[in-house]
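*Asks:* Contents of coords.pdb (PDB, C-alpha atoms and all ligand atoms):
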```pdb
ATOM      1  CA  MET A   1      85.579 134.190 113.204
ATOM      2  CA  ASN A   2      83.654 131.631 111.152
ATOM      3  CA  LEU A   3      85.282 128.225 111.197
ATOM      4  CA  PRO A   4      85.203 126.405 107.857
ATOM      5  CA  LEU A   5      82.643 123.606 107.859
ATOM      6  CA  TYR A   6      84.851 120.843 106.517
ATOM      7  CA  GLY A   7      82.758 118.195 104.835
ATOM      8  CA  THR A   8      80.239 120.639 103.375
ATOM      9  CA  ASN A   9      80.338 121.169  99.612
ATOM     10  CA  ASP A  10      83.990 121.417  98.592
ATOM     11  CA  ALA A  11      85.295 122.948 101.855
ATOM     12  CA  THR A  12      87.583 119.961 102.494
ATOM     13  CA  PHE A  13      88.917 119.957  98.927
ATOM     14  CA  ALA A  14      89.568 123.711  99.149
ATOM     15  CA  ALA A  15      91.257 123.464 102.571
ATOM     16  CA  ALA A  16      93.537 120.720 101.219
ATOM     17  CA  GLY A  17      94.693 123.137  98.500
ATOM     18  CA  GLY A  18      92.663 121.654  95.646
ATOM     19  CA  ALA A  19      94.148 119.076  93.269
ATOM     20  CA  THR A  20      97.632 120.644  93.575
ATOM     21  CA  GLY A  21      97.571 120.582  97.380
ATOM     22  CA  ILE A  22      96.353 116.985  97.416
ATOM     23  CA  ARG A  23      99.107 115.964  94.987
ATOM     24  CA  ARG A  24     101.626 117.587  97.350
ATOM     25  CA  LEU A  25     100.124 115.708 100.318
ATOM     26  CA  VAL A  26     100.233 112.386  98.477
ATOM     27  CA  ASP A  27     103.804 112.991  97.293
ATOM     28  CA  ALA A  28     104.823 113.649 100.915
ATOM     29  CA  PHE A  29     102.911 110.515 101.997
ATOM     30  CA  TYR A  30     104.748 108.239  99.557
ATOM     31  CA  ASP A  31     108.114 109.988 100.043
ATOM     32  CA  ILE A  32     107.823 109.293 103.776
ATOM     33  CA  MET A  33     106.647 105.717 103.219
ATOM     34  CA  ALA A  34     109.585 105.110 100.872
ATOM     35  CA  THR A  35     112.216 106.414 103.291
ATOM     36  CA  ASP A  36     110.988 105.769 106.852
ATOM     37  CA  ALA A  37     111.790 102.197 107.939
ATOM     38  CA  GLU A  38     108.708 102.251 110.156
ATOM     39  CA  TYR A  39     106.538 101.870 107.042
ATOM     40  CA  GLU A  40     108.659  99.292 105.226
ATOM     41  CA  LYS A  41     106.042  96.581 105.584
ATOM     42  CA  ILE A  42     103.281  98.472 103.748
ATOM     43  CA  LEU A  43     105.744 100.006 101.281
ATOM     44  CA  LYS A  44     106.682  96.482 100.160
ATOM     45  CA  TRP A  45     103.058  95.761  99.258
ATOM     46  CA  HIS A  46     103.244  98.517  96.627
ATOM     47  CA  PRO A  47     104.783  98.257  93.153
ATOM     48  CA  THR A  48     108.489  99.265  93.098
ATOM     49  CA  ASP A  49     107.646 102.272  90.959
ATOM     50  CA  LEU A  50     105.310 104.408  93.062
ATOM     51  CA  GLU A  51     104.315 106.814  90.270
ATOM     52  CA  GLU A  52     100.997 105.148  89.528
ATOM     53  CA  SER A  53     100.233 104.642  93.240
ATOM     54  CA  ARG A  54     100.750 108.380  93.747
ATOM     55  CA  ASP A  55      98.472 109.178  90.822
ATOM     56  CA  ARG A  56      95.746 106.763  91.974
ATOM     57  CA  LEU A  57      95.677 107.964  95.587
ATOM     58  CA  ALA A  58      95.817 111.674  94.664
ATOM     59  CA  ARG A  59      93.006 111.297  92.142
ATOM     60  CA  PHE A  60      90.915 109.279  94.571
ATOM     61  CA  LEU A  61      91.335 111.817  97.381
ATOM     62  CA  CYS A  62      90.250 114.655  95.050
ATOM     63  CA  GLY A  63      86.775 113.166  94.682
ATOM     64  CA  TRP A  64      86.669 111.867  98.258
ATOM     65  CA  MET A  65      87.258 115.396  99.540
ATOM     66  CA  GLY A  66      84.397 116.814  97.463
ATOM     67  CA  GLY A  67      86.394 117.895  94.397
ATOM     68  CA  PRO A  68      86.209 116.461  90.868
ATOM     69  CA  ASN A  69      86.181 112.679  90.610
ATOM     70  CA  GLU A  70      89.560 112.470  88.902
ATOM     71  CA  TYR A  71      90.010 108.800  89.806
ATOM     72  CA  GLU A  72      86.946 107.649  87.892
ATOM     73  CA  GLU A  73      87.862 109.826  84.897
ATOM     74  CA  LYS A  74      91.084 107.855  84.442
ATOM     75  CA  TYR A  75      90.742 104.499  86.204
ATOM     76  CA  GLY A  76      86.990 103.813  86.484
ATOM     77  CA  THR A  77      84.991 103.040  89.605
ATOM     78  CA  ILE A  78      86.628 101.837  92.812
ATOM     79  CA  SER A  79      85.653 100.377  96.166
ATOM     80  CA  ILE A  80      88.344 101.181  98.733
ATOM     81  CA  PRO A  81      87.783  98.045 100.862
ATOM     82  CA  GLY A  82      87.632  95.926  97.679
ATOM     83  CA  ALA A  83      90.866  97.429  96.314
ATOM     84  CA  HIS A  84      92.689  96.258  99.449
ATOM     85  CA  SER A  85      91.011  92.917 100.111
ATOM     86  CA  HIS A  86      94.040  90.961  98.803
ATOM     87  CA  LEU A  87      96.234  92.524 101.512
ATOM     88  CA  ALA A  88      96.676  91.332 105.115
ATOM     89  CA  VAL A  89      95.782  94.615 106.808
ATOM     90  CA  THR A  90      95.545  94.269 110.595
ATOM     91  CA  GLU A  91      95.373  97.068 113.164
ATOM     92  CA  ARG A  92      99.137  97.396 112.840
ATOM     93  CA  GLU A  93      99.189  98.075 109.080
ATOM     94  CA  ARG A  94      96.086 100.263 109.337
ATOM     95  CA  ASP A  95      97.853 102.401 111.923
ATOM     96  CA  MET A  96     101.030 102.488 109.815
ATOM     97  CA  TRP A  97      99.046 103.902 106.906
ATOM     98  CA  LEU A  98      97.331 106.474 109.129
ATOM     99  CA  GLY A  99     100.627 107.343 110.870
ATOM    100  CA  CYS A 100     102.318 107.926 107.518
ATOM    101  CA  MET A 101      99.393 110.118 106.456
ATOM    102  CA  ARG A 102      99.614 112.115 109.682
ATOM    103  CA  GLN A 103     103.332 112.734 109.053
ATOM    104  CA  ALA A 104     102.559 113.823 105.491
ATOM    105  CA  MET A 105      99.898 116.228 106.791
ATOM    106  CA  ASP A 106     102.336 117.674 109.304
ATOM    107  CA  ALA A 107     104.604 118.550 106.375
ATOM    108  CA  GLN A 108     101.807 120.680 104.834
ATOM    109  CA  SER A 109     100.770 124.125 105.957
ATOM    110  CA  TYR A 110      97.351 122.891 107.073
ATOM    111  CA  PRO A 111      95.682 124.276 110.201
ATOM    112  CA  GLU A 112      95.628 121.853 113.136
ATOM    113  CA  ASP A 113      91.810 121.566 113.202
ATOM    114  CA  PHE A 114      91.828 120.569 109.525
ATOM    115  CA  LYS A 115      94.468 117.884 110.105
ATOM    116  CA  GLU A 116      92.460 116.486 113.006
ATOM    117  CA  TYR A 117      89.287 116.503 110.925
ATOM    118  CA  LEU A 118      90.968 114.753 107.990
ATOM    119  CA  MET A 119      92.588 112.128 110.203
ATOM    120  CA  LYS A 120      89.212 111.279 111.782
ATOM    121  CA  GLN A 121      87.594 111.007 108.356
ATOM    122  CA  LEU A 122      90.404 108.863 106.908
ATOM    123  CA  ALA A 123      90.273 106.539 109.910
ATOM    124  CA  ILE A 124      86.791 105.437 108.746
ATOM    125  CA  PRO A 125      87.768 103.904 105.357
ATOM    126  CA  ALA A 126      91.051 102.682 106.904
ATOM    127  CA  GLU A 127      89.091 100.707 109.485
ATOM    128  CA  ARG A 128      86.762  99.371 106.751
ATOM    129  CA  VAL A 129      89.841  98.164 104.887
ATOM    130  CA  ARG A 130      91.047  96.343 108.012
ATOM    131  CA  GLN A 131      87.641  94.731 108.572
ATOM    132  CA  VAL A 132      87.367  93.471 104.995
ATOM    133  CA  CYS A 133      90.930  92.125 105.065
ATOM    134  CA  GLU A 134      90.191  90.331 108.329
ATOM    135  CA  ILE A 135      87.029  88.728 106.923
ATOM    136  CA  ASN A 136      88.997  87.657 103.840
ATOM    137  CA  SER A 137      91.789  86.135 105.911
ATOM    138  CA  LYS A 138      89.219  83.955 107.696
ATOM    139  CA  THR A 139      87.441  82.790 104.545
ATOM    140  CA  PRO A 140      89.008  79.566 103.239
TER     141      PRO A 140
HETATM  142  C1  LIG B 201      94.259 100.673 106.038
HETATM  143  C2  LIG B 201      95.510 100.799 105.640
HETATM  144  C3  LIG B 201      95.909 100.846 104.194
HETATM  145  C4  LIG B 201      96.949 100.179 103.637
HETATM  146  C5  LIG B 201      97.923  99.272 104.379
HETATM  147  C6  LIG B 201      96.962 100.490 102.223
HETATM  148  C7  LIG B 201      97.880  99.997 101.309
HETATM  149  C8  LIG B 201      97.732 100.075  99.952
HETATM  150  C9  LIG B 201      98.518  99.348  98.979
HETATM  151  C10 LIG B 201      99.640  98.368  99.328
HETATM  152  C11 LIG B 201      98.085  99.684  97.754
HETATM  153  C12 LIG B 201      98.647  99.168  96.399
HETATM  154  C13 LIG B 201      97.895  97.884  96.096
HETATM  155  C14 LIG B 201      98.415  97.189  94.875
HETATM  156  O1  LIG B 201      99.069  97.821  94.015
HETATM  157  O2  LIG B 201      98.135  95.978  94.775
HETATM  158  C15 LIG B 201      97.007 100.633  97.923
HETATM  159  C16 LIG B 201      96.286 101.194  96.910
HETATM  160  C17 LIG B 201      95.368 102.198  97.087
HETATM  161  N1  LIG B 201      94.945 102.728  98.266
HETATM  162 FE1  LIG B 201      95.436 102.049 100.101
HETATM  163  N2  LIG B 201      95.957 101.351 101.946
HETATM  164  C18 LIG B 201      95.278 101.609 103.112
HETATM  165  C19 LIG B 201      94.213 102.465 103.262
HETATM  166  C20 LIG B 201      93.717 103.289 102.275
HETATM  167  C21 LIG B 201      92.712 104.310 102.474
HETATM  168  C22 LIG B 201      92.062 104.625 103.826
HETATM  169  C23 LIG B 201      92.490 104.891 101.266
HETATM  170  C24 LIG B 201      91.576 106.008 100.870
HETATM  171  C25 LIG B 201      90.960 106.820 101.696
HETATM  172  C26 LIG B 201      93.365 104.238 100.303
HETATM  173  C27 LIG B 201      93.418 104.511  98.960
HETATM  174  C28 LIG B 201      94.066 103.738  98.025
HETATM  175  C29 LIG B 201      93.872 103.861  96.581
HETATM  176  C30 LIG B 201      92.960 104.833  95.865
HETATM  177  C31 LIG B 201      94.684 102.883  96.002
HETATM  178  C32 LIG B 201      94.797 102.544  94.507
HETATM  179  C33 LIG B 201      93.893 101.322  94.302
HETATM  180  C34 LIG B 201      93.562 101.002  92.863
HETATM  181  O3  LIG B 201      93.499 101.909  92.054
HETATM  182  O4  LIG B 201      93.309  99.808  92.594
HETATM  183  N3  LIG B 201      94.091 103.280 100.958
HETATM  184  N4  LIG B 201      96.824 100.852  99.270
END
```
Take the structure I supplied and represent it as structure tokens, if you would.
*Replies:*
Amino acid sequence: MNLPLYGTNDATFAAAGGATGIRRLVDAFYDIMATDAEYEKILKWHPTDLEESRDRLARFLCGWMGGPNEYEEKYGTISIPGAHSHLAVTERERDMWLGCMRQAMDAQSYPEDFKEYLMKQLAIPAERVRQVCEINSKTP
């Protein structure tokens, strides 16, 4: 059996179920964040109405996974570390975000190897976010 080469062309986007599958993943992500007390701290950093946050993250992930750049079409260019630099993300909040994403993935019918691949890939920008927030917190 040929394993899909996630990361090549749009294999990741396709495995995630395209724009519809990503929207479902992001909805699960924010539904979990909004209801699980474990994520209360990062939930509170978001606007009360999560509709736009859902739209922004889903559109961003579309392009990030090799699909159409839906984020730029609607909101313009973005730097992920820059978009978070006003937040106090430490290892704890980084791991909350990743933990919430892992729970959201577990609620999808994704194969285990795909979930592991995606988690490893998402850990890279999540760590960049933490680093930039740390530098910012030390700059007077
Ligand atoms: C490291 C842990 C992370 C935390 C705690 C976090 C938290 C947040 C918060 C609180 C917002 C809303 C900001 C606001 O409205 O002022 C936000 C926005 C956003 N986040 Fe994250 N995030 C994290 C990592 C990531 C990662 C790894 C990605 C993408 C791979 C991502 C993608 C986005 C996007 C696209 C937005 C919308 C930003 C905009 O359009 O300005 N986040 N995040």
*Asks:* How far is it from atom CA of A:Glu93 to atom CA of A:Glu72, in Å with one decimal?
*Replies:*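 Spanning atom CA of A:Glu93 to atom CA of A:Glu72 is a straight-line distance of 26.3 Å.
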*Asks:* Taking all atoms listed in the file into account, list the residues no farther than 9 Å from ligand LIG 201 (chain B), as a PyMOL selection string.
*Replies:* chain A and resi 41-47+52-61+64+71+75-84+86-98+121-130
*Asks:* For atom CA of A:Ala11 and atom CA of A:Gly99, determine how far apart the two atoms are, in Å to one decimal place.
*Replies:*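 Atom CA of A:Gly99 lies at a distance of 23.7 Å from atom CA of A:Ala11.
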*Asks:* Of the candidates A:Ser137, A:Gln131, A:Ala14, A:Met119, which shows the shortest atom-to-atom distance to A:Gly63, using only C-alpha atoms?
*Replies:*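 Nearest candidate to A:Gly63 out of A:Ser137, A:Gln131, A:Ala14, A:Met119: A:Ala14.
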*Asks:* What is the distance, in Å and to one decimal place, between atom CA of A:Leu5 and atom CA of A:Gln108?
*Replies:*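 Between these atoms lies a distance of 19.6 Å.
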